[in-house]
>>> print(open('final38.cif').read())   # mmCIF, C-alpha atoms
data_entry
#
loop_
_atom_site.group_PDB
_atom_site.id
_atom_site.type_symbol
_atom_site.label_atom_id
_atom_site.label_comp_id
_atom_site.auth_asym_id
_atom_site.auth_seq_id
_atom_site.Cartn_x
_atom_site.Cartn_y
_atom_site.Cartn_z
ATOM 1 C CA MET A 809 88.351 167.604 329.474
ATOM 2 C CA LEU A 810 87.911 165.609 332.698
ATOM 3 C CA ARG A 811 84.658 164.140 331.304
ATOM 4 C CA LYS A 812 86.486 162.903 328.206
ATOM 5 C CA VAL A 813 89.198 161.267 330.319
ATOM 6 C CA ARG A 814 86.557 159.516 332.464
ATOM 7 C CA LEU A 815 84.699 158.316 329.372
ATOM 8 C CA LEU A 816 87.955 156.995 327.886
ATOM 9 C CA ILE A 817 88.749 155.109 331.121
ATOM 10 C CA VAL A 818 85.265 153.573 331.217
ATOM 11 C CA LEU A 819 85.537 152.504 327.569
ATOM 12 C CA LEU A 820 88.990 150.974 328.112
ATOM 13 C CA LEU A 821 87.828 149.072 331.199
ATOM 14 C CA THR A 822 84.728 147.836 329.378
ATOM 15 C CA GLY A 823 86.875 146.693 326.456
ATOM 16 C CA ALA A 824 89.266 144.915 328.820
ATOM 17 C CA ILE A 825 86.394 143.117 330.567
ATOM 18 C CA PHE A 826 84.895 141.972 327.257
ATOM 19 C CA SER A 827 88.279 140.836 325.911
ATOM 20 C CA VAL A 828 88.833 138.703 329.031
ATOM 21 C CA TYR A 829 85.343 137.199 329.291
ATOM 22 C CA SER A 830 83.893 137.168 325.796
ATOM 23 C CA GLN A 831 85.442 133.904 324.719
ATOM 24 C CA LYS A 832 82.464 133.298 322.458
ATOM 25 C CA VAL A 833 80.116 135.362 320.345
ATOM 26 C CA ALA A 834 77.161 133.961 318.413
ATOM 27 C CA VAL A 835 74.757 135.255 315.765
ATOM 28 C CA LYS A 836 71.266 133.803 315.437
ATOM 29 C CA THR A 837 67.884 134.085 313.823
ATOM 30 C CA ASN A 838 64.529 133.106 315.337
ATOM 31 C CA PHE A 839 62.410 130.921 313.022
ATOM 32 C CA ALA A 840 59.307 131.363 315.214
ATOM 33 C CA TYR A 841 59.490 135.138 314.643
ATOM 34 C CA TRP A 842 59.960 134.631 310.888
ATOM 35 C CA GLY A 843 56.929 132.310 310.818
ATOM 36 C CA ALA A 844 54.573 134.409 312.942
ATOM 37 C CA VAL A 845 54.562 137.557 310.773
ATOM 38 C CA GLY A 846 57.345 137.033 308.201
ATOM 39 C CA SER A 847 59.692 139.353 310.044
ATOM 40 C CA PRO A 848 63.429 139.471 309.423
ATOM 41 C CA ASN A 849 65.266 139.214 312.734
ATOM 42 C CA ALA A 850 68.730 138.662 314.147
ATOM 43 C CA ALA A 851 70.505 138.594 317.464
ATOM 44 C CA LEU A 852 74.064 138.816 318.675
ATOM 45 C CA GLU A 853 74.876 136.905 321.869
ATOM 46 C CA ILE A 854 78.065 137.792 323.718
ATOM 47 C CA GLY A 855 79.740 135.733 326.440
ATOM 48 C CA LEU A 856 80.213 137.787 329.614
ATOM 49 C CA GLY A 857 81.691 135.089 331.865
ATOM 50 C CA LYS A 858 81.668 131.341 332.376
ATOM 51 C CA LYS A 859 77.893 131.229 332.906
ATOM 52 C CA MET A 860 76.596 134.602 331.668
ATOM 53 C CA THR A 861 75.733 135.939 328.217
ATOM 54 C CA LEU A 862 74.049 139.031 326.842
ATOM 55 C CA GLU A 863 71.761 138.674 323.826
ATOM 56 C CA LEU A 864 71.046 141.792 321.765
ATOM 57 C CA GLY A 865 68.179 140.928 319.434
ATOM 58 C CA GLY A 866 65.588 142.595 317.316
ATOM 59 C CA GLY A 867 63.422 142.411 314.257
ATOM 60 C CA PHE A 868 61.245 144.426 311.929
ATOM 61 C CA ASN A 869 58.501 144.201 309.347
ATOM 62 C CA LEU A 870 58.058 147.101 306.940
ATOM 63 C CA TRP A 871 55.576 145.767 304.426
ATOM 64 C CA THR A 872 51.833 145.301 303.949
ATOM 65 C CA PHE A 873 50.436 141.820 303.231
ATOM 66 C CA GLU A 874 47.653 140.867 300.779
ATOM 67 C CA ASN A 875 44.194 142.363 301.426
ATOM 68 C CA ASN A 876 46.004 145.308 303.045
ATOM 69 C CA LYS A 877 46.818 143.362 306.242
ATOM 70 C CA LYS A 878 49.427 145.185 308.276
ATOM 71 C CA ALA A 879 51.909 143.949 310.867
ATOM 72 C CA LYS A 880 54.440 146.742 310.488
ATOM 73 C CA HIS A 881 56.753 147.059 313.465
ATOM 74 C CA TRP A 882 60.268 147.157 314.825
ATOM 75 C CA LEU A 883 61.277 145.375 318.033
ATOM 76 C CA ALA A 884 64.354 145.432 320.271
ATOM 77 C CA GLN A 885 64.627 142.710 322.925
ATOM 78 C CA PRO A 886 67.897 142.446 324.899
ATOM 79 C CA GLU A 887 68.286 139.563 327.359
ATOM 80 C CA LEU A 888 70.765 138.778 330.145
ATOM 81 C CA ARG A 889 71.150 134.995 330.525
ATOM 82 C CA TYR A 890 72.464 132.706 333.253
ATOM 83 C CA TRP A 891 73.538 129.229 332.088
ATOM 84 C CA PHE A 892 73.333 126.280 334.490
ATOM 85 C CA CYS A 893 76.171 124.268 332.881
ATOM 86 C CA GLU A 894 78.250 126.478 330.607
ATOM 87 C CA LYS A 895 77.392 129.322 328.253
ATOM 88 C CA PHE A 896 75.941 128.338 324.870
ATOM 89 C CA ASN A 897 75.153 124.802 326.101
ATOM 90 C CA GLY A 898 72.183 123.394 327.998
ATOM 91 C CA HIS A 899 69.600 125.060 330.237
ATOM 92 C CA PHE A 900 69.440 128.814 330.866
ATOM 93 C CA VAL A 901 67.207 131.407 332.493
ATOM 94 C CA GLY A 902 67.025 134.971 331.309
ATOM 95 C CA LEU A 903 65.805 138.450 332.133
ATOM 96 C CA HIS A 904 64.674 140.289 328.991
ATOM 97 C CA GLY A 905 63.411 143.748 328.202
ATOM 98 C CA HIS A 906 61.479 144.795 325.112
ATOM 99 C CA GLY A 907 60.546 147.924 323.249
ATOM 100 C CA ALA A 908 58.624 148.172 319.991
ATOM 101 C CA GLN A 909 56.671 150.440 317.703
ATOM 102 C CA PHE A 910 53.752 148.949 315.729
ATOM 103 C CA ASN A 911 51.031 149.496 313.104
ATOM 104 C CA ILE A 912 48.794 146.413 312.911
ATOM 105 C CA GLY A 913 45.344 145.633 311.517
ATOM 106 C CA GLY A 914 43.268 143.543 309.122
ATOM 107 C CA TRP A 915 44.120 140.159 310.688
ATOM 108 C CA ASN A 916 41.345 137.642 311.390
ATOM 109 C CA ILE A 917 42.658 135.903 314.512
ATOM 110 C CA PRO A 918 39.620 134.637 316.473
ATOM 111 C CA VAL A 919 41.542 134.125 319.736
ATOM 112 C CA GLY A 920 40.994 136.260 322.821
ATOM 113 C CA ARG A 921 42.362 139.793 322.560
ATOM 114 C CA LEU A 922 43.667 139.258 319.013
ATOM 115 C CA GLU A 923 40.212 139.282 317.385
ATOM 116 C CA LYS A 924 40.272 143.098 317.698
ATOM 117 C CA PHE A 925 42.763 143.250 314.814
ATOM 118 C CA LYS A 926 40.173 142.095 312.243
ATOM 119 C CA ASN A 927 38.141 145.319 311.928
ATOM 120 C CA ASN A 928 40.442 147.911 313.475
ATOM 121 C CA ARG A 929 43.986 149.153 313.105
ATOM 122 C CA TYR A 930 46.218 149.949 316.055
ATOM 123 C CA GLU A 931 49.262 152.182 315.911
ATOM 124 C CA GLY A 932 51.576 152.855 318.853
ATOM 125 C CA TYR A 933 54.457 151.602 320.971
ATOM 126 C CA LEU A 934 55.165 149.242 323.853
ATOM 127 C CA TYR A 935 57.801 148.537 326.483
ATOM 128 C CA GLY A 936 58.236 145.978 329.239
ATOM 129 C CA ALA A 937 60.236 143.082 330.666
ATOM 130 C CA GLY A 938 60.000 139.397 331.434
ATOM 131 C CA LEU A 939 61.678 136.177 332.518
ATOM 132 C CA SER A 940 62.552 133.345 330.180
ATOM 133 C CA TYR A 941 63.721 129.758 330.168
ATOM 134 C CA GLY A 942 65.438 127.922 327.349
ATOM 135 C CA TYR A 943 67.715 125.162 326.228
ATOM 136 C CA GLN A 944 70.507 125.201 323.661
ATOM 137 C CA TRP A 945 71.817 122.112 321.858
ATOM 138 C CA VAL A 946 75.342 121.974 320.445
ATOM 139 C CA LEU A 947 75.107 120.585 316.887
ATOM 140 C CA SER A 948 78.765 121.043 315.915
ATOM 141 C CA PRO A 949 81.684 123.253 316.978
ATOM 142 C CA ARG A 950 80.106 126.212 315.110
ATOM 143 C CA TRP A 951 76.354 125.475 315.037
ATOM 144 C CA ASN A 952 73.773 125.365 317.847
ATOM 145 C CA PHE A 953 69.995 125.116 318.044
ATOM 146 C CA GLU A 954 67.870 126.815 320.723
ATOM 147 C CA ALA A 955 64.307 126.771 322.006
ATOM 148 C CA SER A 956 63.096 129.267 324.604
ATOM 149 C CA VAL A 957 59.945 130.860 325.962
ATOM 150 C CA GLY A 958 59.414 133.893 328.170
ATOM 151 C CA ALA A 959 56.598 135.569 330.034
ATOM 152 C CA GLY A 960 56.257 139.006 331.520
ATOM 153 C CA PHE A 961 54.718 142.445 331.199
ATOM 154 C CA ALA A 962 54.238 144.907 328.351
ATOM 155 C CA ARG A 963 52.730 148.388 328.568
ATOM 156 C CA LEU A 964 51.057 149.364 325.284
ATOM 157 C CA HIS A 965 50.168 152.917 324.206
ATOM 158 C CA TYR A 966 48.083 153.042 321.030
ATOM 159 C CA ASP A 967 45.813 154.996 318.710
ATOM 160 C CA LYS A 968 42.796 153.111 317.319
ATOM 161 C CA TYR A 969 41.462 153.497 313.763
ATOM 162 C CA PRO A 970 38.206 152.068 312.307
ATOM 163 C CA CYS A 971 39.772 150.046 309.500
ATOM 164 C CA VAL A 972 43.077 149.091 307.970
ATOM 165 C CA THR A 973 43.209 151.737 305.215
ATOM 166 C CA CYS A 974 40.867 154.538 306.127
ATOM 167 C CA GLY A 975 39.189 156.605 308.775
ATOM 168 C CA SER A 976 39.905 159.161 311.408
ATOM 169 C CA LYS A 977 41.296 158.193 314.756
ATOM 170 C CA LEU A 978 38.606 156.653 316.976
ATOM 171 C CA GLY A 979 40.547 157.112 320.164
ATOM 172 C CA GLU A 980 43.648 156.272 322.051
ATOM 173 C CA GLY A 981 44.391 153.959 324.890
ATOM 174 C CA LYS A 982 46.810 152.173 327.167
ATOM 175 C CA TYR A 983 46.843 148.504 327.965
ATOM 176 C CA ASN A 984 48.780 146.415 330.483
ATOM 177 C CA TYR A 985 49.563 143.004 329.021
ATOM 178 C CA TRP A 986 50.663 140.032 331.143
ATOM 179 C CA GLY A 987 51.549 136.833 329.290
ATOM 180 C CA VAL A 988 53.975 135.380 326.773
ATOM 181 C CA THR A 989 56.521 138.029 325.777
ATOM 182 C CA LYS A 990 59.098 135.884 324.021
ATOM 183 C CA ALA A 991 59.180 132.646 322.024
ATOM 184 C CA ALA A 992 62.170 131.432 320.043
ATOM 185 C CA VAL A 993 63.271 128.506 317.932
ATOM 186 C CA SER A 994 66.670 129.664 316.724
ATOM 187 C CA LEU A 995 69.535 128.506 314.566
ATOM 188 C CA ILE A 996 72.859 129.824 315.887
ATOM 189 C CA TYR A 997 76.298 130.291 314.378
ATOM 190 C CA VAL A 998 79.018 130.447 317.050
ATOM 191 C CA ILE A 999 82.008 132.708 316.360
ATOM 192 C CA LYS A 1000 85.037 131.829 318.512
#
>>> encode(input="final38.cif", output="structure tokens")
Amino acid sequence: MLRKVRLLIVLLLTGAIFSVYSQKVAVKTNFAYWGAVGSPNAALEIGLGKKMTLELGGGFNLWTFENNKKAKHWLAQPELRYWFCEKFNGHFVGLHGHGAQFNIGGWNIPVGRLEKFKNNRYEGYLYGAGLSYGYQWVLSPRWNFEASVGAGFARLHYDKYPCVTCGSKLGEGKYNYWGVTKAAVSLIYVIK
């Protein structure tokens, strides 16, 4: 019973904090994510104070492309942001985390590490974190536009298969990735 009372107190305090500080809430979609692999995505950004927001974003892709190319995945990427002027306006820096599950193969991308996707399929998950920088333009009282980029770390765990549609597992592996972990060009609707 004491646990339930404590949980209720925590929930009430959290609700009170959000009702005082969350003067704005926004919903957005990232066009860069749509364009990269045709993935539906959305984020909810909540004001936490005069210069802080929390973005809760994610996306997914559940289908196979022509010639059996796969980029199936789901991704969650929350981000805590600090705004230099005021929230939802101007420059910001962020700390983001990410977690995903993926099944990708059949893509001919002749750039660095990505060329591996042409003849093999990789299935697994990843997690990590990074730092980001961005800028948000106010277009009208309800609409904003944002561009941001982030870099950081991702730890990948995967199983490797010989081709997109067939074959027994060739092996498994782990990979530490350092580089771009977030890129966004977003249209935002601000809810007051």
>>> resolve_selection(input="final38.cif", expression="the PyMOL selection byres ((chain A and resi 837-840) around 7)", output="list in words")
Lys836, Tyr841, Trp842, Gly843, Ala844, Asn849, Ala850, Ala851, Ala991, Ala992, Val993, Ser994, Leu995 and Ile996 of chain A
>>> resolve_selection(input="final38.cif", expression="the PyMOL selection byres ((chain A and resi 852-862) around 8)", output="PyMOL selection string")
chain A and resi 826+829-836+850-851+863-865+886-895
>>> write_last_selection(input="final38.cif", atoms="C-alpha atoms", output="short mmCIF file (atom, residue, chain, number, x, y, z; two decimals), keeping the file's coordinate frame")
data_model
loop_
_atom_site.label_atom_id
_atom_site.label_comp_id
_atom_site.auth_asym_id
_atom_site.auth_seq_id
_atom_site.Cartn_x
_atom_site.Cartn_y
_atom_site.Cartn_z
CA PHE A 826 84.90 141.97 327.26
CA TYR A 829 85.34 137.20 329.29
CA SER A 830 83.89 137.17 325.80
CA GLN A 831 85.44 133.90 324.72
CA LYS A 832 82.46 133.30 322.46
CA VAL A 833 80.12 135.36 320.35
CA ALA A 834 77.16 133.96 318.41
CA VAL A 835 74.76 135.26 315.76
CA LYS A 836 71.27 133.80 315.44
CA ALA A 850 68.73 138.66 314.15
CA ALA A 851 70.50 138.59 317.46
CA GLU A 863 71.76 138.67 323.83
CA LEU A 864 71.05 141.79 321.76
CA GLY A 865 68.18 140.93 319.43
CA PRO A 886 67.90 142.45 324.90
CA GLU A 887 68.29 139.56 327.36
CA LEU A 888 70.76 138.78 330.14
CA ARG A 889 71.15 135.00 330.52
CA TYR A 890 72.46 132.71 333.25
CA TRP A 891 73.54 129.23 332.09
CA PHE A 892 73.33 126.28 334.49
CA CYS A 893 76.17 124.27 332.88
CA GLU A 894 78.25 126.48 330.61
CA LYS A 895 77.39 129.32 328.25
#
>>> resolve_selection(input="final38.cif", expression="the PyMOL selection byres ((chain A and resi 939) around 9)", output="PyMOL selection string")
chain A and resi 901-905+937-938+940-941+957-960+989-990
>>> residues_around(input="final38.cif", residues="Asn897 (chain A)", least_positions_apart="4", cutoff="7 Å", atoms="all atoms listed in the file", output="PyMOL selection string")
chain A and resi 893+944-946
>>> write_last_selection(input="final38.cif", atoms="C-alpha atoms", output="CSV table (one decimal), in the frame of the given file")
chain,number,residue,atom,x,y,z
A,893,CYS,CA,76.2,124.3,332.9
A,944,GLN,CA,70.5,125.2,323.7
A,945,TRP,CA,71.8,122.1,321.9
A,946,VAL,CA,75.3,122.0,320.4
>>> residues_near_point(input="final38.cif", point="(53.5, 153.4, 313.5)", cutoff="7 Å", atoms="all atoms listed in the file", output="JSON, numbers by chain")
{"A": [909, 910, 911, 931, 932]}
>>> atom_distance(input="final38.cif", atom1="CA of Ser847 (chain A)", atom2="CA of Gly907 (chain A)")
15.8 Å
>>> residues_near_point(input="final38.cif", point="(47.4, 145.9, 304.2)", cutoff="10 Å", atoms="all atoms listed in the file", output="PyMOL selection string")
chain A and resi 871-880+912-915+972-973
>>> atom_distance(input="final38.cif", atom1="CA of Gly987 (chain A)", atom2="CA of Asn927 (chain A)")
23.5 Å
>>> closest_residue(input="final38.cif", among="A:Lys1000, A:Trp986, A:Phe900, A:Arg929", to="Tyr969 (chain A)", atoms="only C-alpha atoms")
A:Arg929
>>> atom_distance(input="final38.cif", atom1="CA of His965 (chain A)", atom2="CA of Pro848 (chain A)")
24.0 Å
>>> residues_around(input="final38.cif", residues="Glu980 (chain A)", least_positions_apart="5", cutoff="8 Å", atoms="all atoms listed in the file", output="number ranges by chain")
A: 965-968
>>> decode(input="final38.cif", residues="region 957-972 of chain A", atoms="all heavy atoms", output="mmCIF file, in the first residue's frame")
data_model
loop_
_atom_site.group_PDB
_atom_site.id
_atom_site.type_symbol
_atom_site.label_atom_id
_atom_site.label_comp_id
_atom_site.auth_asym_id
_atom_site.auth_seq_id
_atom_site.Cartn_x
_atom_site.Cartn_y
_atom_site.Cartn_z
ATOM 1 N N VAL A 957 21.613 18.471 -36.612
ATOM 2 C CA VAL A 957 22.520 17.358 -36.890
ATOM 3 C C VAL A 957 23.153 16.937 -35.563
ATOM 4 O O VAL A 957 23.365 17.770 -34.679
ATOM 5 C CB VAL A 957 23.593 17.744 -37.945
ATOM 6 C CG1 VAL A 957 24.526 18.820 -37.432
ATOM 7 C CG2 VAL A 957 24.359 16.530 -38.411
ATOM 8 N N GLY A 958 23.407 15.646 -35.435
ATOM 9 C CA GLY A 958 24.006 15.135 -34.207
ATOM 10 C C GLY A 958 25.039 14.073 -34.498
ATOM 11 O O GLY A 958 24.989 13.395 -35.525
ATOM 12 N N ALA A 959 25.984 13.952 -33.596
ATOM 13 C CA ALA A 959 27.028 12.932 -33.720
ATOM 14 C C ALA A 959 27.195 12.247 -32.375
ATOM 15 O O ALA A 959 26.943 12.843 -31.332
ATOM 16 C CB ALA A 959 28.343 13.572 -34.160
ATOM 17 N N GLY A 960 27.634 10.990 -32.439
ATOM 18 C CA GLY A 960 27.813 10.258 -31.197
ATOM 19 C C GLY A 960 28.220 8.825 -31.447
ATOM 20 O O GLY A 960 28.891 8.508 -32.438
ATOM 21 N N PHE A 961 27.744 7.955 -30.583
ATOM 22 C CA PHE A 961 28.148 6.551 -30.527
ATOM 23 C C PHE A 961 26.930 5.651 -30.676
ATOM 24 O O PHE A 961 25.852 5.959 -30.173
ATOM 25 C CB PHE A 961 28.816 6.291 -29.175
ATOM 26 C CG PHE A 961 29.050 4.847 -28.881
ATOM 27 C CD1 PHE A 961 30.095 4.172 -29.483
ATOM 28 C CD2 PHE A 961 28.232 4.165 -28.008
ATOM 29 C CE1 PHE A 961 30.314 2.825 -29.212
ATOM 30 C CE2 PHE A 961 28.449 2.824 -27.726
ATOM 31 C CZ PHE A 961 29.493 2.155 -28.334
ATOM 32 N N ALA A 962 27.120 4.531 -31.350
ATOM 33 C CA ALA A 962 26.106 3.477 -31.409
ATOM 34 C C ALA A 962 26.809 2.132 -31.306
ATOM 35 O O ALA A 962 27.824 1.893 -31.964
ATOM 36 C CB ALA A 962 25.298 3.551 -32.691
ATOM 37 N N ARG A 963 26.300 1.261 -30.488
ATOM 38 C CA ARG A 963 26.794 -0.106 -30.349
ATOM 39 C C ARG A 963 25.822 -1.009 -31.090
ATOM 40 O O ARG A 963 24.639 -1.064 -30.761
ATOM 41 C CB ARG A 963 26.868 -0.474 -28.879
ATOM 42 C CG ARG A 963 27.251 -1.897 -28.585
ATOM 43 C CD ARG A 963 28.702 -2.154 -28.835
ATOM 44 N NE ARG A 963 29.048 -3.464 -28.282
ATOM 45 C CZ ARG A 963 30.182 -4.038 -28.444
ATOM 46 N NH1 ARG A 963 31.137 -3.427 -29.108
ATOM 47 N NH2 ARG A 963 30.431 -5.216 -27.935
ATOM 48 N N LEU A 964 26.318 -1.698 -32.126
ATOM 49 C CA LEU A 964 25.485 -2.577 -32.938
ATOM 50 C C LEU A 964 25.782 -4.033 -32.610
ATOM 51 O O LEU A 964 26.957 -4.415 -32.484
ATOM 52 C CB LEU A 964 25.745 -2.357 -34.431
ATOM 53 C CG LEU A 964 25.228 -1.067 -35.035
ATOM 54 C CD1 LEU A 964 26.202 0.061 -34.832
ATOM 55 C CD2 LEU A 964 24.944 -1.258 -36.489
ATOM 56 N N HIS A 965 24.743 -4.829 -32.491
ATOM 57 C CA HIS A 965 24.818 -6.289 -32.340
ATOM 58 C C HIS A 965 24.038 -6.860 -33.515
ATOM 59 O O HIS A 965 22.880 -6.501 -33.714
ATOM 60 C CB HIS A 965 24.178 -6.733 -31.023
ATOM 61 C CG HIS A 965 24.871 -6.188 -29.813
ATOM 62 N ND1 HIS A 965 25.751 -6.926 -29.087
ATOM 63 C CD2 HIS A 965 24.820 -4.970 -29.222
ATOM 64 C CE1 HIS A 965 26.213 -6.201 -28.084
ATOM 65 N NE2 HIS A 965 25.660 -4.998 -28.144
ATOM 66 N N TYR A 966 24.657 -7.749 -34.301
ATOM 67 C CA TYR A 966 23.995 -8.196 -35.524
ATOM 68 C C TYR A 966 24.316 -9.648 -35.865
ATOM 69 O O TYR A 966 25.318 -10.203 -35.430
ATOM 70 C CB TYR A 966 24.399 -7.308 -36.709
ATOM 71 C CG TYR A 966 25.872 -7.331 -37.008
ATOM 72 C CD1 TYR A 966 26.428 -8.307 -37.836
ATOM 73 C CD2 TYR A 966 26.715 -6.387 -36.452
ATOM 74 C CE1 TYR A 966 27.782 -8.337 -38.102
ATOM 75 C CE2 TYR A 966 28.082 -6.410 -36.707
ATOM 76 C CZ TYR A 966 28.606 -7.379 -37.543
ATOM 77 O OH TYR A 966 29.951 -7.418 -37.788
ATOM 78 N N ASP A 967 23.421 -10.224 -36.672
ATOM 79 C CA ASP A 967 23.637 -11.511 -37.324
ATOM 80 C C ASP A 967 23.798 -11.205 -38.814
ATOM 81 O O ASP A 967 23.077 -10.370 -39.360
ATOM 82 C CB ASP A 967 22.439 -12.446 -37.122
ATOM 83 C CG ASP A 967 22.261 -12.858 -35.671
ATOM 84 O OD1 ASP A 967 23.260 -12.895 -34.932
ATOM 85 O OD2 ASP A 967 21.104 -13.130 -35.275
ATOM 86 N N LYS A 968 24.730 -11.892 -39.472
ATOM 87 C CA LYS A 968 25.014 -11.654 -40.884
ATOM 88 C C LYS A 968 24.543 -12.843 -41.710
ATOM 89 O O LYS A 968 24.791 -13.993 -41.351
ATOM 90 C CB LYS A 968 26.517 -11.454 -41.073
ATOM 91 C CG LYS A 968 26.942 -11.192 -42.496
ATOM 92 C CD LYS A 968 28.454 -10.975 -42.561
ATOM 93 C CE LYS A 968 28.931 -10.775 -43.971
ATOM 94 N NZ LYS A 968 30.394 -10.586 -44.029
ATOM 95 N N TYR A 969 23.869 -12.530 -42.848
ATOM 96 C CA TYR A 969 23.365 -13.544 -43.762
ATOM 97 C C TYR A 969 23.950 -13.301 -45.150
ATOM 98 O O TYR A 969 24.278 -12.160 -45.496
ATOM 99 C CB TYR A 969 21.830 -13.492 -43.807
ATOM 100 C CG TYR A 969 21.211 -13.829 -42.480
ATOM 101 C CD1 TYR A 969 20.975 -12.828 -41.531
ATOM 102 C CD2 TYR A 969 20.898 -15.135 -42.150
ATOM 103 C CE1 TYR A 969 20.433 -13.139 -40.300
ATOM 104 C CE2 TYR A 969 20.347 -15.454 -40.922
ATOM 105 C CZ TYR A 969 20.118 -14.452 -39.993
ATOM 106 O OH TYR A 969 19.587 -14.761 -38.772
ATOM 107 N N PRO A 970 24.102 -14.347 -45.984
ATOM 108 C CA PRO A 970 24.794 -14.201 -47.267
ATOM 109 C C PRO A 970 24.060 -13.384 -48.316
ATOM 110 O O PRO A 970 24.678 -12.839 -49.216
ATOM 111 C CB PRO A 970 24.989 -15.633 -47.750
ATOM 112 C CG PRO A 970 23.903 -16.398 -47.092
ATOM 113 C CD PRO A 970 23.692 -15.731 -45.759
ATOM 114 N N CYS A 971 22.750 -13.316 -48.261
ATOM 115 C CA CYS A 971 22.020 -12.526 -49.248
ATOM 116 C C CYS A 971 20.712 -12.055 -48.642
ATOM 117 O O CYS A 971 20.352 -12.441 -47.533
ATOM 118 C CB CYS A 971 21.776 -13.319 -50.526
ATOM 119 S SG CYS A 971 20.797 -14.802 -50.285
ATOM 120 N N VAL A 972 19.992 -11.259 -49.390
ATOM 121 C CA VAL A 972 18.792 -10.625 -48.876
ATOM 122 C C VAL A 972 17.685 -11.626 -48.571
ATOM 123 O O VAL A 972 16.978 -11.513 -47.584
ATOM 124 C CB VAL A 972 18.291 -9.557 -49.873
ATOM 125 C CG1 VAL A 972 17.007 -8.939 -49.393
ATOM 126 C CG2 VAL A 972 19.347 -8.490 -50.052
#
